[in-house]
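Notes to accompany the following structure.
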Amino acid sequence: MAGTIIKVSGPLVVAEKMQDANMYDVVKVGHEGLIGEIVELKNDLASIQVYEETGGLGPGDPVVSTGQPLSAELGPGIMESIFDGIQRPLDMIYTKVGSMITRGISVPSLNREKKWRFQATVKKGDQVTGGDILGMVQETVIVKHMILVPPGVKGEIGEISNGDYTVTDTIGTVRNAGGDTVKLQLMQIWPVRLPRPYQEKLPPTMPLGTGQRIIDLFFPVGKGGTACIPGPFGSGKTVVQHQLAKWADADIIVYIGCGERGNEMAEVLLEFPELKDPRSGEPLMKRTVLIANTSNMPVAAREASIYTGITIAEYFRDMGYHVALMADSSSRWAEALREMSGRLEEMPGEEGYPAYLPSRLADFYERAGVVKTIGSKEKIGSLSAIGAVSPPGGDMSDPVVQATLKIVKVFWGLDANLAYRRHFPAINWLLSYSLYHDNLEEYFAKETSEDWKDVRVEAMNILQKEAELEEIVRLVGKDTLSPSDQLTLEIAKSIREDFLYQNAFHKQDAFSSLKKQYLMLKLIIDTGIHFGQALKTGCFLTDLVELPIMEKMAKMKFLEETNLSEFDTYQENLKKEVSSLINKGTS
């Protein structure tokens with residue numbers, strides 16, 4: 001089915017004679033066959049967003065529909081790859097045409113020549129259904145790539161065999177109830193805008209451990225949860241995303257650079273192969289997929305990039321893996337949505353964004369979750385979605401921020417003032433929140449201590465009290481405060497500097513286990529309790545803050561994970577030093 005271009009407006013092309021096409025069909029535009037997608041149909045007119053530079057196109061040029069929606073190729077070869085927004089492998093494009101992407105270039109998403117060793121786990125005569133595991137390919141030294149029965153396929157295995165196959169070779173067959181034979185491959189194709197099916201969505205009961213103290217203990221996100229990181233320019237959104245990608249307790253990482261600067265994606269590409277996966281000791285790239293749609297790439301491809309990324313993430317979730325997806329940033333995606341909406345001459349909503357912005361955001365984040373996957377054998381997988389938001393000037397009333405906050409359950413609000421003071425992660429503890437505490441309460445109590453909740457609540461109370469006292473200090477000075485209020489400021493300072501501040505470049509401080517986090521915060525809170533008792537006996541705060549235990553607390557973040565028994569010694573020293581000072585004052 002072919003049409004003809006009648007209008008070109010940037011990345012938007014309008015073609016006539018497209019009455020046989022469908023919404024979201026992929027089309028080839030112009031004589032060079034540029035890749036596009038139909039986003040609006042009116043009678044025989046089709047509005048097409050083109051994922052490549054449209055310069056040189058004009059009225060009369062042909063448009064040919066493929067009859068298929070924009071889809072992702074899912075199979076061995078995804079891991080360690082870097083794709084553009086429509087899943088074209090950038091390394092293969094570089095090999096073919098060099099460092100500049102040539103318009104109209106057609107490269108398969110997965111390598112058609114490489115052979116993979118397939119080991120079947122089913123045999124002839126077995127009954128299978130969509131989502132069942134047919135066998136396994138060892139894709140990297142870390143990732144076992146499960147080959148799944150495509151959704152919608154059900155029947156009896158006709159043929160299946162071990163061997164070396166390309167992704168398009170037939171590895172076996174299934175005879176369905178009607179007697180038809182369905183060929184099975186290592187690869188399956190799935191429309192990116194259609195969520196992959198699952199049996200049941202479950203509540204998150206385990207945290208997505210990140211090793212970042214302010215996140216894990218104060219504002220945790222559950223595995224299968226959703227979170228957003230809004231903040232102004234320079235506040236560290238990308239740095240936090242990188243830290244999460246490096247340290248998150250997930251089997252698979254999918255990192256989407258949506259409209260971000262090219263040097264940031266280059267930094268990811270250079271860093272990740274050098275970083276060691278803490279669980280396996282192998283390079284982190286061995287379990288990472290990168291989607292790179294930088295700010296100088298065609299704007300329309302940004303809109304597709306997050307769907308491409310989350311479809312890949314769902315595919316690995318269906319294998320029973322825990323997947324963490326980082327989208328940096330959804331504001332750039334929303335800007336692409338706004339530009340395309342404007343060119344479609346749609347009625348603008350708040351600040352020019354289309355009225356359907358909230359629903360599109362909800363469609364994206366709702367694809368996260370802990371699920372019981374489809375298939376005859378139960379598998380539990382999770383997909384956690386964490387999106388950065390870049391509001392202009394750090395304005396939290398921005399429509400993208402507000403629409404996102406109505407959907408996600410964790411808000412890590414970045415503060416430019418903290419970043420300027422070199423306090424990282426620059427997450428403002430007075431603005432941020434998490435709605436997963438109740439779901440994760442049992443897990444935290446088991447992994448740390450029954451009183452972890454009391455310790456966390458007391459720490460937050462101290463930080464909030466500090467914010468109130470700072471107003472008084474600005475007006476009349478610190479010396480006018482009571483000794484107990486001055487102690488609150490000292491303990492709050494310790495929480496901020498000794499606990500919340502984290503050095504991403506220090507071997508021991510870059511990552512903290514939950515147990516270490518709890519012990520650190522417990523020591524600080526207990527110090528405040530013992531110092532408060534000492535003040536009541538007549539001790540001076542100046543003497544208390546000069547006790548040796550304060551110096552040890554400043555260095556406790558550098559303790560190795562194998563040396564956590566030192567915290568027992570710290571607690572004993574705390575009691576001895578305070579008791580000694582009290583006895584000295586009363587004698």
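A note on labels: chains of the structure tokens are A, B, ... as shown, every chain counts residues from 1, and ligands are counted from 1 in their shown order.
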Name all residues at most 9 Å from region 253-260 of chain A (count only C-alpha atoms; drop same-chain ones fewer than 4 positions away) and give them as an MDAnalysis selection string. chainID A and resid 85 241:242 245:246 248 264:265 285 287:297 299 301:303 305:306 309:310 312:313 322:333 336
Considering only C-alpha atoms, return as number ranges by chain whatever protein or nucleic-acid residues lie within 10 Å of Ala177 (chain A), sequence-local ones (same chain, fewer than 6 positions apart) excluded. A: 154-156
Filtering to N, CA, C and O atoms, could you give me those residues as a PDB file, in the first residue's frame?
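Result went into part_38.pdb, see below:
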```pdb
ATOM      1  N   LYS A 154       0.265 -22.034  21.840  1.00  0.00           N
ATOM      2  CA  LYS A 154      -0.049 -23.109  22.775  1.00  0.00           C
ATOM      3  C   LYS A 154      -0.211 -24.411  22.006  1.00  0.00           C
ATOM      4  O   LYS A 154      -0.796 -24.444  20.932  1.00  0.00           O
ATOM      5  N   GLY A 155       0.357 -25.489  22.559  1.00  0.00           N
ATOM      6  CA  GLY A 155       0.218 -26.777  21.887  1.00  0.00           C
ATOM      7  C   GLY A 155       1.289 -27.758  22.314  1.00  0.00           C
ATOM      8  O   GLY A 155       1.876 -27.641  23.393  1.00  0.00           O
ATOM      9  N   GLU A 156       1.545 -28.729  21.448  1.00  0.00           N
ATOM     10  CA  GLU A 156       2.490 -29.810  21.738  1.00  0.00           C
ATOM     11  C   GLU A 156       3.767 -29.614  20.939  1.00  0.00           C
ATOM     12  O   GLU A 156       3.746 -29.261  19.762  1.00  0.00           O
TER      13      GLU A 156
END
```
Of the listed residues A:Asn428, A:Thr308, A:Gln243, A:Ser9, that which approaches Gln87 (chain A) most closely, counting only C-alpha atoms: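 Of A:Asn428, A:Thr308, A:Gln243, A:Ser9, the one nearest Gln87 (chain A), counting only C-alpha atoms, is A:Thr308.
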Show me, as number ranges by chain, the residues that have an atom within 12 Å of region 447-462 of chain A when counting only C-alpha atoms, minus same-chain residues fewer than 5 positions from it. A: 206-207, 209, 213-220, 428-433, 437-438, 440-442, 467-469, 484-496, 499-500, 513-529
Check the DSSP output for the backbone and give back, as number ranges by chain, the residues of region 291-463 of chain A in helix (DSSP H, G or I). A: 300-317, 330-343, 350-352, 357-365, 392-394, 399-405, 416-420, 437-447, 452-463
Go ahead and save the picked residues with C-alpha atoms, as a PDB file, in the first residue's frame.
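What follows is the written file again.pdb:
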```pdb
ATOM      1  CA  ALA A 300      10.487  12.024  17.079  1.00  0.00           C
ATOM      2  CA  ALA A 301      12.707   9.063  17.995  1.00  0.00           C
ATOM      3  CA  ARG A 302      12.683  10.236  21.631  1.00  0.00           C
ATOM      4  CA  GLU A 303       8.992   9.439  21.771  1.00  0.00           C
ATOM      5  CA  ALA A 304       9.689   5.843  20.719  1.00  0.00           C
ATOM      6  CA  SER A 305      12.813   5.294  22.823  1.00  0.00           C
ATOM      7  CA  ILE A 306      11.102   4.806  26.186  1.00  0.00           C
ATOM      8  CA  TYR A 307       8.688   2.277  24.675  1.00  0.00           C
ATOM      9  CA  THR A 308      11.557   0.388  23.067  1.00  0.00           C
ATOM     10  CA  GLY A 309      13.389   0.306  26.395  1.00  0.00           C
ATOM     11  CA  ILE A 310      10.454  -0.813  28.522  1.00  0.00           C
ATOM     12  CA  THR A 311       9.515  -3.550  26.020  1.00  0.00           C
ATOM     13  CA  ILE A 312      13.031  -4.989  26.316  1.00  0.00           C
ATOM     14  CA  ALA A 313      12.742  -4.721  30.112  1.00  0.00           C
ATOM     15  CA  GLU A 314       9.389  -6.570  30.105  1.00  0.00           C
ATOM     16  CA  TYR A 315      10.912  -9.338  27.995  1.00  0.00           C
ATOM     17  CA  PHE A 316      13.585 -10.060  30.617  1.00  0.00           C
ATOM     18  CA  ARG A 317      10.986  -9.692  33.378  1.00  0.00           C
ATOM     19  CA  SER A 330      11.106  11.894  30.728  1.00  0.00           C
ATOM     20  CA  SER A 331      11.032  15.693  30.327  1.00  0.00           C
ATOM     21  CA  ARG A 332      12.886  15.380  27.008  1.00  0.00           C
ATOM     22  CA  TRP A 333      10.377  12.727  25.980  1.00  0.00           C
ATOM     23  CA  ALA A 334       7.505  15.040  26.932  1.00  0.00           C
ATOM     24  CA  GLU A 335       9.101  17.869  24.932  1.00  0.00           C
ATOM     25  CA  ALA A 336       9.156  15.614  21.875  1.00  0.00           C
ATOM     26  CA  LEU A 337       5.500  14.809  22.531  1.00  0.00           C
ATOM     27  CA  ARG A 338       4.751  18.542  22.725  1.00  0.00           C
ATOM     28  CA  GLU A 339       6.563  19.298  19.490  1.00  0.00           C
ATOM     29  CA  MET A 340       4.767  16.547  17.589  1.00  0.00           C
ATOM     30  CA  SER A 341       1.429  17.614  19.084  1.00  0.00           C
ATOM     31  CA  GLY A 342       2.016  21.175  17.966  1.00  0.00           C
ATOM     32  CA  ARG A 343       2.837  20.088  14.430  1.00  0.00           C
ATOM     33  CA  GLU A 350      -0.924  23.408  30.156  1.00  0.00           C
ATOM     34  CA  GLU A 351       2.321  25.061  28.972  1.00  0.00           C
ATOM     35  CA  GLY A 352       1.758  23.726  25.477  1.00  0.00           C
ATOM     36  CA  LEU A 357       0.431  13.868  28.554  1.00  0.00           C
ATOM     37  CA  PRO A 358      -0.730  12.411  31.932  1.00  0.00           C
ATOM     38  CA  SER A 359      -2.276   9.350  30.292  1.00  0.00           C
ATOM     39  CA  ARG A 360       0.854   8.670  28.219  1.00  0.00           C
ATOM     40  CA  LEU A 361       3.013   8.927  31.340  1.00  0.00           C
ATOM     41  CA  ALA A 362       0.637   6.605  33.195  1.00  0.00           C
ATOM     42  CA  ASP A 363       0.765   4.089  30.317  1.00  0.00           C
ATOM     43  CA  PHE A 364       4.552   4.037  30.642  1.00  0.00           C
ATOM     44  CA  TYR A 365       4.850   3.733  34.432  1.00  0.00           C
ATOM     45  CA  PRO A 392      12.738  24.250  33.556  1.00  0.00           C
ATOM     46  CA  GLY A 393      14.499  26.265  36.225  1.00  0.00           C
ATOM     47  CA  GLY A 394      13.755  23.564  38.796  1.00  0.00           C
ATOM     48  CA  PRO A 399       3.200  19.795  34.185  1.00  0.00           C
ATOM     49  CA  VAL A 400       5.584  16.872  33.598  1.00  0.00           C
ATOM     50  CA  VAL A 401       6.598  16.811  37.270  1.00  0.00           C
ATOM     51  CA  GLN A 402       3.034  17.117  38.518  1.00  0.00           C
ATOM     52  CA  ALA A 403       1.701  14.467  36.134  1.00  0.00           C
ATOM     53  CA  THR A 404       4.504  12.106  37.134  1.00  0.00           C
ATOM     54  CA  LEU A 405       3.951  12.615  40.864  1.00  0.00           C
ATOM     55  CA  ALA A 416      20.460  22.578  43.642  1.00  0.00           C
ATOM     56  CA  ASN A 417      21.579  24.194  46.914  1.00  0.00           C
ATOM     57  CA  LEU A 418      22.736  20.824  48.244  1.00  0.00           C
ATOM     58  CA  ALA A 419      24.577  20.165  44.978  1.00  0.00           C
ATOM     59  CA  TYR A 420      26.296  23.562  45.154  1.00  0.00           C
ATOM     60  CA  HIS A 437       7.446   1.829  53.750  1.00  0.00           C
ATOM     61  CA  ASP A 438       4.471  -0.268  54.839  1.00  0.00           C
ATOM     62  CA  ASN A 439       5.081  -2.868  52.093  1.00  0.00           C
ATOM     63  CA  LEU A 440       8.756  -3.185  53.017  1.00  0.00           C
ATOM     64  CA  GLU A 441       8.415  -3.065  56.807  1.00  0.00           C
ATOM     65  CA  GLU A 442       8.700  -6.822  57.320  1.00  0.00           C
ATOM     66  CA  TYR A 443      11.755  -7.088  55.041  1.00  0.00           C
ATOM     67  CA  PHE A 444      13.601  -4.234  56.782  1.00  0.00           C
ATOM     68  CA  ALA A 445      12.856  -5.633  60.229  1.00  0.00           C
ATOM     69  CA  LYS A 446      14.276  -9.008  59.158  1.00  0.00           C
ATOM     70  CA  GLU A 447      17.404  -7.597  57.503  1.00  0.00           C
ATOM     71  CA  TRP A 452      14.696   0.182  62.384  1.00  0.00           C
ATOM     72  CA  LYS A 453      11.441   2.096  61.895  1.00  0.00           C
ATOM     73  CA  ASP A 454      11.815   3.979  65.197  1.00  0.00           C
ATOM     74  CA  VAL A 455      15.410   4.885  64.296  1.00  0.00           C
ATOM     75  CA  ARG A 456      14.395   6.192  60.858  1.00  0.00           C
ATOM     76  CA  VAL A 457      11.447   8.182  62.225  1.00  0.00           C
ATOM     77  CA  GLU A 458      13.605   9.732  64.971  1.00  0.00           C
ATOM     78  CA  ALA A 459      16.242  10.734  62.395  1.00  0.00           C
ATOM     79  CA  MET A 460      13.602  12.402  60.207  1.00  0.00           C
ATOM     80  CA  ASN A 461      12.181  14.216  63.257  1.00  0.00           C
ATOM     81  CA  ILE A 462      15.636  15.561  64.082  1.00  0.00           C
ATOM     82  CA  LEU A 463      16.176  16.804  60.511  1.00  0.00           C
TER      83      LEU A 463
END
```
Restricting the calculation to only C-alpha atoms: of A:Gly413, A:Pro62, A:Gly56, A:Gly172, which residue gets closest to Lys17 (chain A)? A:Pro62
Atomic separation - CA of Val192 (chain A) relative to CA of Val13 (chain A), Å: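 One can read the CA of Val13 (chain A) to CA of Val192 (chain A) distance as 21.5 Å.
Interatomic distance, CA of Tyr198 (chain A) to CA of Ala250 (chain A): 19.6 Å.
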Can you work out which one of A:Arg474, A:Lys276, A:Lys115, A:Lys223 has the shortest atom-to-atom distance to Trp247 (chain A), counting only C-alpha atoms?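 Answer, going by the shortest atom-to-atom distance: A:Lys276.
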One residue among A:Leu74, A:Leu535, A:Val63, A:Met100 is nearest to Asp318 (chain A) when using only C-alpha atoms, and that residue is A:Leu74
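Distances to Ile427 (chain A) were evaluated for A:Ser397, A:Ser280, A:Gln212, A:Thr140 using only C-alpha atoms, and the minimum falls at A:Gln212.
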Neighbours of Glu566 (chain A) within 12 Å (only C-alpha atoms; same-chain residues fewer than 3 positions away dropped), as a compact mmCIF listing (two decimals) with all heavy atoms, in the first residue's frame?
```
# COMPACT_ATOMS: atom_id res chain seq x y z
N LYS A 516 24.62 -2.14 57.40
CA LYS A 516 25.55 -1.06 57.74
C LYS A 516 24.81 0.26 57.88
O LYS A 516 25.10 1.05 58.79
CB LYS A 516 26.63 -0.96 56.66
CG LYS A 516 27.68 0.13 56.94
CD LYS A 516 28.75 0.17 55.87
CE LYS A 516 29.75 1.28 56.15
NZ LYS A 516 30.82 1.34 55.11
N LEU A 519 23.09 0.35 61.26
CA LEU A 519 24.04 0.48 62.38
C LEU A 519 24.61 1.89 62.45
O LEU A 519 24.82 2.43 63.55
CB LEU A 519 25.17 -0.54 62.23
CG LEU A 519 24.76 -2.01 62.42
CD1 LEU A 519 25.92 -2.94 62.06
CD2 LEU A 519 24.30 -2.27 63.86
N MET A 520 24.86 2.51 61.30
CA MET A 520 25.36 3.88 61.28
C MET A 520 24.34 4.84 61.88
O MET A 520 24.67 5.67 62.74
CB MET A 520 25.68 4.30 59.84
CG MET A 520 26.90 3.63 59.23
SD MET A 520 27.10 4.04 57.48
CE MET A 520 27.45 5.80 57.58
N LEU A 523 23.78 4.37 65.66
CA LEU A 523 24.85 4.94 66.49
C LEU A 523 24.65 6.45 66.66
O LEU A 523 24.81 6.98 67.77
CB LEU A 523 26.21 4.65 65.85
CG LEU A 523 27.43 5.21 66.58
CD1 LEU A 523 27.55 4.62 67.99
CD2 LEU A 523 28.71 4.93 65.78
N LYS A 552 35.15 9.04 65.58
CA LYS A 552 34.90 7.70 65.03
C LYS A 552 33.65 7.70 64.16
O LYS A 552 33.59 7.03 63.13
CB LYS A 552 34.78 6.68 66.16
CG LYS A 552 36.08 6.36 66.88
CD LYS A 552 35.88 5.24 67.87
CE LYS A 552 37.20 4.80 68.51
NZ LYS A 552 37.79 5.84 69.37
N MET A 553 32.61 8.44 64.58
CA MET A 553 31.37 8.50 63.79
C MET A 553 31.62 9.15 62.44
O MET A 553 31.01 8.77 61.44
CB MET A 553 30.29 9.27 64.55
CG MET A 553 29.67 8.44 65.66
SD MET A 553 28.08 9.02 66.29
CE MET A 553 28.04 10.72 66.00
N LYS A 555 34.12 8.78 60.66
CA LYS A 555 34.84 7.86 59.78
C LYS A 555 34.14 6.51 59.62
O LYS A 555 34.63 5.64 58.90
CB LYS A 555 36.24 7.63 60.33
CG LYS A 555 37.11 8.89 60.37
CD LYS A 555 38.48 8.59 60.97
CE LYS A 555 39.33 9.85 61.02
NZ LYS A 555 40.67 9.59 61.63
N MET A 556 32.97 6.34 60.25
CA MET A 556 32.33 5.02 60.25
C MET A 556 31.86 4.60 58.86
O MET A 556 31.74 3.42 58.56
CB MET A 556 31.16 5.00 61.23
CG MET A 556 30.03 5.92 60.88
SD MET A 556 28.73 5.88 62.13
CE MET A 556 27.67 7.23 61.55
N LYS A 557 31.59 5.58 57.98
CA LYS A 557 31.13 5.25 56.63
C LYS A 557 32.19 4.51 55.83
O LYS A 557 31.88 3.85 54.84
CB LYS A 557 30.71 6.51 55.90
CG LYS A 557 31.83 7.52 55.66
CD LYS A 557 31.36 8.71 54.83
CE LYS A 557 30.41 9.58 55.62
NZ LYS A 557 30.02 10.80 54.86
N PHE A 558 33.46 4.61 56.27
CA PHE A 558 34.55 3.97 55.54
C PHE A 558 34.86 2.57 56.04
O PHE A 558 35.80 1.93 55.57
CB PHE A 558 35.81 4.84 55.60
CG PHE A 558 35.58 6.25 55.11
CD1 PHE A 558 35.86 7.34 55.91
CD2 PHE A 558 35.06 6.47 53.84
CE1 PHE A 558 35.64 8.63 55.46
CE2 PHE A 558 34.82 7.76 53.38
CZ PHE A 558 35.12 8.84 54.20
N LEU A 559 34.07 2.09 57.02
CA LEU A 559 34.26 0.72 57.51
C LEU A 559 33.90 -0.29 56.42
O LEU A 559 32.92 -0.11 55.69
CB LEU A 559 33.37 0.47 58.73
CG LEU A 559 33.91 0.86 60.10
CD1 LEU A 559 32.84 0.62 61.15
CD2 LEU A 559 35.15 0.08 60.45
N GLU A 560 34.66 -1.35 56.31
CA GLU A 560 34.35 -2.39 55.35
C GLU A 560 33.14 -3.20 55.82
O GLU A 560 32.87 -3.32 57.01
CB GLU A 560 35.56 -3.32 55.17
CG GLU A 560 36.77 -2.64 54.55
CD GLU A 560 37.89 -3.61 54.26
OE1 GLU A 560 37.66 -4.84 54.40
OE2 GLU A 560 38.98 -3.16 53.90
N GLU A 561 32.42 -3.75 54.85
CA GLU A 561 31.20 -4.51 55.15
C GLU A 561 31.51 -5.74 56.00
O GLU A 561 30.65 -6.23 56.73
CB GLU A 561 30.51 -4.94 53.85
CG GLU A 561 29.96 -3.79 53.02
CD GLU A 561 28.72 -3.16 53.64
OE1 GLU A 561 28.12 -3.78 54.53
OE2 GLU A 561 28.36 -2.04 53.22
N THR A 562 32.73 -6.24 55.93
CA THR A 562 33.12 -7.42 56.72
C THR A 562 33.54 -7.04 58.14
O THR A 562 33.88 -7.91 58.93
CB THR A 562 34.28 -8.15 56.02
OG1 THR A 562 35.37 -7.24 55.81
CG2 THR A 562 33.83 -8.71 54.68
N ASN A 563 33.49 -5.75 58.44
CA ASN A 563 34.00 -5.28 59.73
C ASN A 563 32.92 -4.59 60.54
O ASN A 563 33.22 -3.73 61.37
CB ASN A 563 35.16 -4.30 59.47
CG ASN A 563 36.26 -4.43 60.51
OD1 ASN A 563 36.32 -5.40 61.23
ND2 ASN A 563 37.11 -3.43 60.57
N THR A 569 31.65 -2.12 69.27
CA THR A 569 32.71 -1.44 70.02
C THR A 569 32.40 0.05 70.15
O THR A 569 32.61 0.66 71.21
CB THR A 569 34.07 -1.63 69.31
OG1 THR A 569 34.30 -3.02 69.12
CG2 THR A 569 35.20 -1.03 70.14
N TYR A 570 31.90 0.65 69.06
CA TYR A 570 31.55 2.07 69.09
C TYR A 570 30.47 2.34 70.14
O TYR A 570 30.53 3.33 70.88
CB TYR A 570 31.05 2.53 67.72
CG TYR A 570 32.11 2.61 66.64
CD1 TYR A 570 31.75 2.81 65.31
CD2 TYR A 570 33.46 2.51 66.94
CE1 TYR A 570 32.72 2.89 64.30
CE2 TYR A 570 34.42 2.58 65.96
CZ TYR A 570 34.05 2.76 64.64
OH TYR A 570 35.00 2.84 63.65
N GLN A 571 29.46 1.46 70.20
CA GLN A 571 28.39 1.63 71.17
C GLN A 571 28.92 1.54 72.60
O GLN A 571 28.54 2.33 73.48
CB GLN A 571 27.30 0.57 70.95
CG GLN A 571 26.45 0.76 69.70
CD GLN A 571 25.37 1.81 69.88
OE1 GLN A 571 25.27 2.46 70.93
NE2 GLN A 571 24.55 2.00 68.86
N GLU A 572 29.82 0.61 72.86
CA GLU A 572 30.43 0.47 74.18
C GLU A 572 31.25 1.71 74.54
O GLU A 572 31.19 2.22 75.67
CB GLU A 572 31.31 -0.78 74.23
CG GLU A 572 30.52 -2.09 74.14
CD GLU A 572 31.43 -3.30 74.03
OE1 GLU A 572 32.66 -3.14 74.18
OE2 GLU A 572 30.92 -4.41 73.77
N ASN A 573 32.05 2.18 73.56
CA ASN A 573 32.87 3.38 73.80
C ASN A 573 32.00 4.60 74.08
O ASN A 573 32.34 5.44 74.92
CB ASN A 573 33.77 3.65 72.60
CG ASN A 573 34.87 2.62 72.46
OD1 ASN A 573 35.18 1.89 73.40
ND2 ASN A 573 35.48 2.55 71.27
```
Check region 277-357 of chain A with DSSP on the backbone and list each residue it calls strand (DSSP E), as a list in words. Thr288, Val289, Leu290, Ile291, Ala292, Asn293, His322, Val323, Ala324, Leu325, Met326, Ala327 and Asp328 of chain A
From CA of Leu574 (chain A) to CA of Ile549 (chain A) the spacing works out at 6.0 Å
If we count only C-alpha atoms and set the cut-off at 9 Å, which residues sit around Ala534 (chain A), ignoring sequence neighbours fewer than 2 positions away in its own chain? Please answer as a PDB file with N, CA and C atoms, in the first residue's frame.
```pdb
ATOM      1  N   ILE A 529      20.798  10.432  72.252  1.00  0.00           N
ATOM      2  CA  ILE A 529      20.104  10.043  73.494  1.00  0.00           C
ATOM      3  C   ILE A 529      21.044  10.149  74.688  1.00  0.00           C
ATOM      4  N   HIS A 530      22.264   9.590  74.570  1.00  0.00           N
ATOM      5  CA  HIS A 530      23.224   9.613  75.683  1.00  0.00           C
ATOM      6  C   HIS A 530      23.701  11.030  75.977  1.00  0.00           C
ATOM      7  N   PHE A 531      23.902  11.826  74.920  1.00  0.00           N
ATOM      8  CA  PHE A 531      24.320  13.203  75.139  1.00  0.00           C
ATOM      9  C   PHE A 531      23.209  13.990  75.837  1.00  0.00           C
ATOM     10  N   GLY A 532      21.953  13.711  75.485  1.00  0.00           N
ATOM     11  CA  GLY A 532      20.833  14.390  76.129  1.00  0.00           C
ATOM     12  C   GLY A 532      20.763  14.085  77.607  1.00  0.00           C
ATOM     13  N   LYS A 536      21.440  16.741  81.058  1.00  0.00           N
ATOM     14  CA  LYS A 536      20.569  16.874  82.231  1.00  0.00           C
ATOM     15  C   LYS A 536      21.343  16.777  83.541  1.00  0.00           C
ATOM     16  N   THR A 537      22.503  16.157  83.520  1.00  0.00           N
ATOM     17  CA  THR A 537      23.330  16.036  84.735  1.00  0.00           C
ATOM     18  C   THR A 537      24.267  17.226  84.909  1.00  0.00           C
ATOM     19  N   GLY A 538      24.243  18.172  83.941  1.00  0.00           N
ATOM     20  CA  GLY A 538      25.081  19.364  84.062  1.00  0.00           C
ATOM     21  C   GLY A 538      26.288  19.378  83.156  1.00  0.00           C
ATOM     22  N   CYS A 539      26.470  18.360  82.306  1.00  0.00           N
ATOM     23  CA  CYS A 539      27.602  18.351  81.371  1.00  0.00           C
ATOM     24  C   CYS A 539      27.411  19.437  80.308  1.00  0.00           C
ATOM     25  N   PHE A 540      28.523  19.903  79.780  1.00  0.00           N
ATOM     26  CA  PHE A 540      28.481  20.929  78.743  1.00  0.00           C
ATOM     27  C   PHE A 540      28.528  20.279  77.359  1.00  0.00           C
ATOM     28  N   LEU A 541      27.756  20.850  76.436  1.00  0.00           N
ATOM     29  CA  LEU A 541      27.718  20.313  75.073  1.00  0.00           C
ATOM     30  C   LEU A 541      29.081  20.402  74.404  1.00  0.00           C
ATOM     31  N   LEU A 544      30.945  17.401  75.289  1.00  0.00           N
ATOM     32  CA  LEU A 544      30.386  16.187  74.694  1.00  0.00           C
ATOM     33  C   LEU A 544      30.809  16.028  73.234  1.00  0.00           C
ATOM     34  N   VAL A 578      30.659   8.813  77.734  1.00  0.00           N
ATOM     35  CA  VAL A 578      29.642   9.690  78.321  1.00  0.00           C
ATOM     36  C   VAL A 578      29.572   9.486  79.830  1.00  0.00           C
ATOM     37  N   SER A 579      29.614   8.232  80.279  1.00  0.00           N
ATOM     38  CA  SER A 579      29.582   7.948  81.727  1.00  0.00           C
ATOM     39  C   SER A 579      30.776   8.572  82.427  1.00  0.00           C
ATOM     40  N   LEU A 581      32.432  11.231  81.516  1.00  0.00           N
ATOM     41  CA  LEU A 581      32.260  12.683  81.574  1.00  0.00           C
ATOM     42  C   LEU A 581      31.250  13.064  82.659  1.00  0.00           C
ATOM     43  N   ILE A 582      30.164  12.256  82.767  1.00  0.00           N
ATOM     44  CA  ILE A 582      29.165  12.528  83.806  1.00  0.00           C
ATOM     45  C   ILE A 582      29.790  12.375  85.196  1.00  0.00           C
TER      46      ILE A 582
END
```
Here is a test: counting only C-alpha atoms, which residue of A:Gln199, A:Gln185, A:Thr4, A:Ser47 is nearest to Asp61 (chain A)?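 Nearest to Asp61 (chain A): A:Thr4.
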Determine, counting only C-alpha atoms, which protein, DNA and RNA residues have an atom within 9 Å of an atom of region 117-132 of chain A; residues of the same chain fewer than 5 positions away are not included. Present the result as a ChimeraX atom specification. /A:137-139,147-165,171,174,186,198,318-319,373-377
